[in-house]
$ cat run-v5.cif   # mmCIF, C-alpha atoms
data_run
#
loop_
_atom_site.group_PDB
_atom_site.id
_atom_site.type_symbol
_atom_site.label_atom_id
_atom_site.label_comp_id
_atom_site.auth_asym_id
_atom_site.auth_seq_id
_atom_site.Cartn_x
_atom_site.Cartn_y
_atom_site.Cartn_z
ATOM 1 C CA MET A 263 51.004 83.874 -19.238
ATOM 2 C CA GLU A 264 48.342 84.079 -16.568
ATOM 3 C CA GLU A 265 50.415 81.798 -14.377
ATOM 4 C CA VAL A 266 53.394 84.190 -14.633
ATOM 5 C CA THR A 267 51.181 87.128 -13.737
ATOM 6 C CA GLU A 268 49.821 85.346 -10.682
ATOM 7 C CA LYS A 269 53.357 84.564 -9.523
ATOM 8 C CA LYS A 270 54.353 88.226 -9.876
ATOM 9 C CA ASN A 271 51.299 89.334 -7.949
ATOM 10 C CA GLY A 272 52.049 86.775 -5.254
ATOM 11 C CA CYS A 273 55.644 87.981 -4.881
ATOM 12 C CA LEU A 274 54.459 91.586 -4.725
ATOM 13 C CA LYS A 275 51.916 90.708 -2.058
ATOM 14 C CA TRP A 276 54.432 88.911 0.104
ATOM 15 C CA GLY A 277 56.915 91.716 -0.449
ATOM 16 C CA LEU A 278 54.400 94.282 0.811
ATOM 17 C CA ILE A 279 53.567 92.074 3.783
ATOM 18 C CA GLY A 280 57.281 91.728 4.623
ATOM 19 C CA PHE A 281 57.796 95.478 4.319
ATOM 20 C CA GLY A 282 54.822 96.116 6.574
ATOM 21 C CA ILE A 283 56.185 93.730 9.194
ATOM 22 C CA PHE A 284 59.596 95.443 9.030
ATOM 23 C CA VAL A 285 58.006 98.877 9.548
ATOM 24 C CA LEU A 286 55.887 97.557 12.428
ATOM 25 C CA ILE A 287 58.966 96.085 14.156
ATOM 26 C CA GLY A 288 60.713 99.448 13.812
ATOM 27 C CA ILE A 289 57.785 101.294 15.388
ATOM 28 C CA ILE A 290 57.630 98.843 18.320
ATOM 29 C CA ALA A 291 61.399 99.143 18.850
ATOM 30 C CA ASN A 292 61.170 102.950 18.922
ATOM 31 C CA LEU A 293 58.333 102.805 21.432
ATOM 32 C CA GLY A 294 60.417 100.497 23.616
ATOM 33 C CA ASP A 295 63.376 102.879 23.454
ATOM 34 C CA ASP A 296 61.144 105.832 24.354
ATOM 35 C CA GLN A 297 59.723 103.931 27.337
ATOM 36 C CA SER A 298 63.222 102.877 28.402
ATOM 37 C CA ASN A 299 64.521 106.447 28.135
ATOM 38 C CA SER A 300 61.487 107.703 30.041
ATOM 39 C CA SER A 301 62.092 105.087 32.743
ATOM 40 C CA GLU A 302 65.769 106.044 33.004
ATOM 41 C CA GLU A 303 64.830 109.740 33.212
ATOM 42 C CA GLN A 304 62.368 108.972 36.006
ATOM 43 C CA LYS A 305 65.035 106.982 37.888
ATOM 44 C CA THR A 306 67.536 109.831 37.477
ATOM 45 C CA GLN A 307 64.985 112.380 38.688
ATOM 46 C CA LYS A 308 64.138 110.244 41.722
ATOM 47 C CA SER A 309 67.832 109.828 42.485
ATOM 48 C CA LEU A 310 68.386 113.586 42.323
ATOM 49 C CA GLU A 311 65.347 114.204 44.534
ATOM 50 C CA SER A 312 66.651 111.661 47.059
ATOM 51 C CA LYS A 313 70.059 113.327 47.135
ATOM 52 C CA GLU A 314 68.476 116.763 47.572
ATOM 53 C CA SER A 315 66.340 115.416 50.411
ATOM 54 C CA LEU A 316 69.366 113.826 52.069
ATOM 55 C CA THR A 317 71.408 117.012 51.727
ATOM 56 C CA SER A 318 68.647 119.176 53.148
ATOM 57 C CA SER A 319 68.300 116.860 56.150
ATOM 58 C CA VAL A 320 71.955 117.294 57.178
ATOM 59 C CA PRO A 321 72.239 119.985 59.887
ATOM 60 C CA THR A 322 74.379 122.944 58.843
ATOM 61 C CA SER A 323 74.965 124.369 62.317
ATOM 62 C CA LYS A 324 78.023 123.436 64.350
ATOM 63 C CA GLU A 325 77.715 123.642 68.090
ATOM 64 C CA TRP A 326 78.759 122.192 71.411
ATOM 65 C CA ILE A 327 76.803 118.984 71.918
ATOM 66 C CA PHE A 328 75.421 118.558 75.447
ATOM 67 C CA SER A 329 74.589 115.311 77.215
ATOM 68 C CA SER A 330 73.934 114.336 80.818
ATOM 69 C CA SER A 331 73.469 111.472 83.268
ATOM 70 C CA ASN A 332 72.335 111.102 86.860
ATOM 71 C CA ASP A 333 74.843 110.291 89.595
ATOM 72 C CA GLU A 334 73.234 107.584 91.728
ATOM 73 C CA MET A 335 75.489 108.299 94.725
ATOM 74 C CA THR A 336 74.864 112.040 94.949
ATOM 75 C CA ASP A 337 71.538 112.337 93.101
ATOM 76 C CA SER A 338 73.194 115.110 91.101
ATOM 77 C CA LYS A 339 73.455 115.518 87.362
ATOM 78 C CA ASN A 340 76.671 115.032 85.394
ATOM 79 C CA VAL A 341 76.881 117.239 82.307
ATOM 80 C CA TRP A 342 79.160 117.037 79.266
ATOM 81 C CA ALA A 343 79.636 119.529 76.421
ATOM 82 C CA LYS A 344 81.643 118.193 73.488
ATOM 83 C CA ILE A 345 82.952 119.231 70.066
ATOM 84 C CA GLN A 346 84.833 117.124 67.526
ATOM 85 C CA SER A 347 87.595 118.280 65.210
ATOM 86 C CA GLU A 348 86.725 119.163 61.641
ATOM 87 C CA ASN A 349 89.883 117.534 60.324
ATOM 88 C CA TYR A 350 91.545 114.201 60.964
ATOM 89 C CA ILE A 351 95.001 112.679 60.548
ATOM 90 C CA SER A 352 96.132 109.326 59.202
ATOM 91 C CA GLN A 353 98.515 107.265 61.324
ATOM 92 C CA ASP A 354 100.634 104.202 60.702
ATOM 93 C CA PHE A 355 99.876 100.682 61.897
ATOM 94 C CA PRO A 356 98.271 99.799 64.258
ATOM 95 C CA TYR A 357 96.333 103.092 64.282
ATOM 96 C CA GLU A 358 95.801 103.477 60.544
ATOM 97 C CA GLY A 359 92.618 105.149 59.363
ATOM 98 C CA GLU A 360 91.019 108.437 60.322
ATOM 99 C CA THR A 361 91.939 109.867 63.720
ATOM 100 C CA TYR A 362 89.811 112.718 65.062
ATOM 101 C CA ALA A 363 90.197 114.705 68.269
ATOM 102 C CA SER A 364 87.545 116.039 70.633
ATOM 103 C CA ILE A 365 87.313 118.580 73.443
ATOM 104 C CA THR A 366 84.908 117.857 76.295
ATOM 105 C CA VAL A 367 83.972 120.153 79.171
ATOM 106 C CA ARG A 368 82.582 118.037 81.997
ATOM 107 C CA TYR A 369 80.850 118.865 85.252
ATOM 108 C CA MET A 370 80.465 116.337 88.063
ATOM 109 C CA LYS A 371 79.493 117.421 91.548
ATOM 110 C CA LYS A 372 82.198 115.316 93.229
ATOM 111 C CA TYR A 373 84.966 116.580 90.913
ATOM 112 C CA GLY A 374 83.783 119.968 89.681
ATOM 113 C CA TYR A 375 84.654 121.068 86.155
ATOM 114 C CA ASP A 376 87.185 119.280 83.953
ATOM 115 C CA VAL A 377 88.442 119.584 80.393
ATOM 116 C CA LEU A 378 89.151 116.356 78.549
ATOM 117 C CA VAL A 379 91.015 116.112 75.257
ATOM 118 C CA GLN A 380 90.569 112.784 73.500
ATOM 119 C CA ILE A 381 91.514 111.105 70.215
ATOM 120 C CA THR A 382 89.544 108.377 68.452
ATOM 121 C CA LYS A 383 92.598 106.118 68.118
ATOM 122 C CA GLY A 384 96.282 106.217 69.016
ATOM 123 C CA GLN A 385 98.163 107.424 72.083
ATOM 124 C CA ILE A 386 98.669 110.901 73.507
ATOM 125 C CA THR A 387 102.204 111.196 74.866
ATOM 126 C CA GLY A 388 103.938 113.600 77.238
ATOM 127 C CA ASN A 389 106.320 113.423 80.162
ATOM 128 C CA GLU A 390 106.036 115.784 83.123
ATOM 129 C CA PHE A 391 109.693 115.202 84.013
ATOM 130 C CA ASP A 392 110.965 116.740 80.763
ATOM 131 C CA GLY A 393 108.023 119.159 80.422
ATOM 132 C CA SER A 394 106.622 117.607 77.245
ATOM 133 C CA ASN A 395 103.176 116.970 78.720
ATOM 134 C CA TYR A 396 101.397 119.885 77.100
ATOM 135 C CA VAL A 397 99.116 120.760 74.224
ATOM 136 C CA THR A 398 99.275 124.055 72.371
ATOM 137 C CA ALA A 399 95.943 125.818 71.938
ATOM 138 C CA ARG A 400 94.956 128.831 69.904
ATOM 139 C CA PHE A 401 91.558 130.445 70.402
ATOM 140 C CA ASP A 402 90.396 132.576 67.457
ATOM 141 C CA ASP A 403 93.141 135.107 66.678
ATOM 142 C CA ASN A 404 94.758 135.001 70.109
ATOM 143 C CA ALA A 405 98.387 133.961 70.462
ATOM 144 C CA PRO A 406 99.037 130.209 70.854
ATOM 145 C CA LYS A 407 99.501 129.059 74.447
ATOM 146 C CA LYS A 408 100.732 125.906 76.150
ATOM 147 C CA TYR A 409 98.379 124.015 78.422
ATOM 148 C CA TYR A 410 99.899 121.264 80.508
ATOM 149 C CA PHE A 411 97.936 118.113 81.113
ATOM 150 C CA SER A 412 97.722 115.062 83.336
ATOM 151 C CA GLU A 413 96.953 111.489 82.332
ATOM 152 C CA ALA A 414 93.776 109.628 83.160
ATOM 153 C CA GLU A 415 93.816 107.750 86.458
ATOM 154 C CA ASP A 416 92.888 104.498 84.754
ATOM 155 C CA GLY A 417 95.941 104.744 82.504
ATOM 156 C CA SER A 418 94.017 105.371 79.271
ATOM 157 C CA SER A 419 96.404 106.797 76.696
ATOM 158 C CA ASP A 420 93.777 108.249 74.358
ATOM 159 C CA VAL A 421 92.522 110.901 76.795
ATOM 160 C CA ILE A 422 94.142 113.654 78.901
ATOM 161 C CA PHE A 423 92.960 116.267 81.413
ATOM 162 C CA ILE A 424 93.918 119.931 81.004
ATOM 163 C CA SER A 425 95.524 121.335 84.170
ATOM 164 C CA LYS A 426 94.445 124.991 83.827
ATOM 165 C CA LYS A 427 90.866 123.987 83.231
ATOM 166 C CA THR A 428 89.243 127.225 84.450
ATOM 167 C CA GLU A 429 91.219 129.319 81.981
ATOM 168 C CA PHE A 430 90.683 126.836 79.165
ATOM 169 C CA ILE A 431 86.897 126.811 79.729
ATOM 170 C CA LYS A 432 86.863 130.619 79.830
ATOM 171 C CA MET A 433 88.511 130.716 76.410
ATOM 172 C CA CYS A 434 86.037 128.151 75.055
ATOM 173 C CA LYS A 435 83.231 130.495 76.135
ATOM 174 C CA GLN A 436 84.734 133.238 73.959
ATOM 175 C CA ALA A 437 86.002 131.467 70.851
ATOM 176 C CA LYS A 438 84.367 130.100 67.715
ATOM 177 C CA ASN A 439 87.585 128.679 66.285
ATOM 178 C CA ILE A 440 90.047 126.540 68.211
ATOM 179 C CA LYS A 441 93.274 124.958 67.028
ATOM 180 C CA LEU A 442 94.823 122.272 69.196
ATOM 181 C CA GLU A 443 98.275 120.783 68.737
ATOM 182 C CA ILE A 444 98.423 117.380 70.433
ATOM 183 C CA PRO A 445 101.514 115.192 70.951
ATOM 184 C CA LEU A 446 100.868 111.704 69.611
ATOM 185 C CA TYR A 447 102.963 108.580 69.813
ATOM 186 C CA GLN A 448 105.005 108.215 66.584
ATOM 187 C CA ALA A 449 102.877 110.896 64.908
ATOM 188 C CA GLY A 450 104.513 114.143 66.049
ATOM 189 C CA ARG A 451 102.331 117.052 67.104
ATOM 190 C CA PRO A 452 99.487 117.297 64.572
ATOM 191 C CA ILE A 453 97.072 120.209 64.691
ATOM 192 C CA PHE A 454 93.333 119.585 65.007
ATOM 193 C CA THR A 455 90.877 122.360 64.174
ATOM 194 C CA PHE A 456 87.480 122.992 65.749
ATOM 195 C CA HIS A 457 84.741 125.411 64.695
ATOM 196 C CA VAL A 458 81.378 126.304 66.228
ATOM 197 C CA ASP A 459 78.820 128.906 65.198
ATOM 198 C CA GLU A 460 78.605 130.155 68.785
ATOM 199 C CA PRO A 461 81.096 129.921 71.691
ATOM 200 C CA LEU A 462 80.361 127.571 74.563
ATOM 201 C CA LYS A 463 77.294 128.550 76.569
ATOM 202 C CA TRP A 464 77.093 126.317 79.585
ATOM 203 C CA ARG A 465 73.695 124.984 80.493
ATOM 204 C CA GLU A 466 72.271 122.382 82.812
ATOM 205 C CA GLU A 467 70.645 119.492 80.947
#
$ encode --input "run-v5.cif" --output "structure tokens"
Amino acid sequence: MEEVTEKKNGCLKWGLIGFGIFVLIGIIANLGDDQSNSSEEQKTQKSLESKESLTSSVPTSKEWIFSSSNDEMTDSKNVWAKIQSENYISQDFPYEGETYASITVRYMKKYGYDVLVQITKGQITGNEFDGSNYVTARFDDNAPKKYYFSEAEDGSSDVIFISKKTEFIKMCKQAKNIKLEIPLYQAGRPIFTFHVDEPLKWREE
């Protein structure tokens, strides 16, 4: 009889020990989950803070970007003021991808002022013999107007020079919004839009 009692007590003891181990494992597992969740929350918070920091570091103003270089022959300074289109177009092979346009006002002592219109890829087309060598520009709410152009002397097909440059520059000094319709090879006449917070204010760099 005593032997049976001892066996029962032994089973009870081991049962309690097993139950205690089970409870302890559960507590440790919960602690691990809490630490994991806390770690994930910290990572998420850091990620959000990084994104906020990145966003706040991006400039919100849009303006004409000036640059300059020295002309070694004349000891004068060449100055460029440039803006890039807000939108882009997608072309077919071999010019697939994003194609942006830019307007550059340039001053060089030996040439004076020029207006360059350029695209990041593709070809600007136009023939002076049939009168197709023009872009159509609209400054703010003014009526659209044709501006004829000439090709670059080096034969580059991604850049053109506006003929009525003085008038074009004058309009750039008044407008915050510019729309430019440019004839492109096998891409029609897409419209590129430009916006600046302030019109062009020429300055020497």
$ resolve_selection --input "run-v5.cif" --expression "the PyMOL selection byres ((chain A and resi 447) around 12)" --output "list in words"
Gln353, Asp354, Phe355, Pro356, Tyr357, Ile381, Lys383, Gly384, Gln385, Ile386, Thr387, Gly388, Asn389, Ser419, Asp420, Ile444, Pro445, Leu446, Gln448, Ala449, Gly450, Arg451 and Pro452 of chain A
$ atom_distance --input "run-v5.cif" --atom1 "CA of Asn349 (chain A)" --atom2 "CA of Ser330 (chain A)"
26.2 Å
$ closest_residue --input "run-v5.cif" --among "A:Glu443, A:Asp376, A:Ile453, A:Trp464" --to "Lys426 (chain A)" --atoms "only C-alpha atoms"
A:Asp376
$ residues_around --input "run-v5.cif" --residues "Val421 (chain A)" --least-positions-apart "6" --cutoff "8 Å" --atoms "all atoms listed in the file" --output "mmCIF file with C-alpha atoms, keeping the file's coordinate frame"
data_model
loop_
_atom_site.group_PDB
_atom_site.id
_atom_site.type_symbol
_atom_site.label_atom_id
_atom_site.label_comp_id
_atom_site.auth_asym_id
_atom_site.auth_seq_id
_atom_site.Cartn_x
_atom_site.Cartn_y
_atom_site.Cartn_z
ATOM 1 C CA LEU A 378 89.151 116.356 78.549
ATOM 2 C CA VAL A 379 91.015 116.112 75.257
ATOM 3 C CA GLN A 380 90.569 112.784 73.500
ATOM 4 C CA ILE A 381 91.514 111.105 70.215
ATOM 5 C CA ILE A 386 98.669 110.901 73.507
ATOM 6 C CA GLU A 413 96.953 111.489 82.332
ATOM 7 C CA ALA A 414 93.776 109.628 83.160
#
$ resolve_selection --input "run-v5.cif" --expression "the PyMOL selection byres ((chain A and resi 404) around 12)" --output "PyMOL selection string"
chain A and resi 399-403+405-407+433+436-441
$ write_last_selection --input "run-v5.cif" --atoms "C-alpha atoms" --output "JSON list (two decimals), keeping the file's coordinate frame"
[["chain", "number", "residue", "atom", "x", "y", "z"],
["A", 399, "ALA", "CA", 95.94, 125.82, 71.94],
["A", 400, "ARG", "CA", 94.96, 128.83, 69.90],
["A", 401, "PHE", "CA", 91.56, 130.44, 70.40],
["A", 402, "ASP", "CA", 90.40, 132.58, 67.46],
["A", 403, "ASP", "CA", 93.14, 135.11, 66.68],
["A", 405, "ALA", "CA", 98.39, 133.96, 70.46],
["A", 406, "PRO", "CA", 99.04, 130.21, 70.85],
["A", 407, "LYS", "CA", 99.50, 129.06, 74.45],
["A", 433, "MET", "CA", 88.51, 130.72, 76.41],
["A", 436, "GLN", "CA", 84.73, 133.24, 73.96],
["A", 437, "ALA", "CA", 86.00, 131.47, 70.85],
["A", 438, "LYS", "CA", 84.37, 130.10, 67.72],
["A", 439, "ASN", "CA", 87.58, 128.68, 66.28],
["A", 440, "ILE", "CA", 90.05, 126.54, 68.21],
["A", 441, "LYS", "CA", 93.27, 124.96, 67.03]]
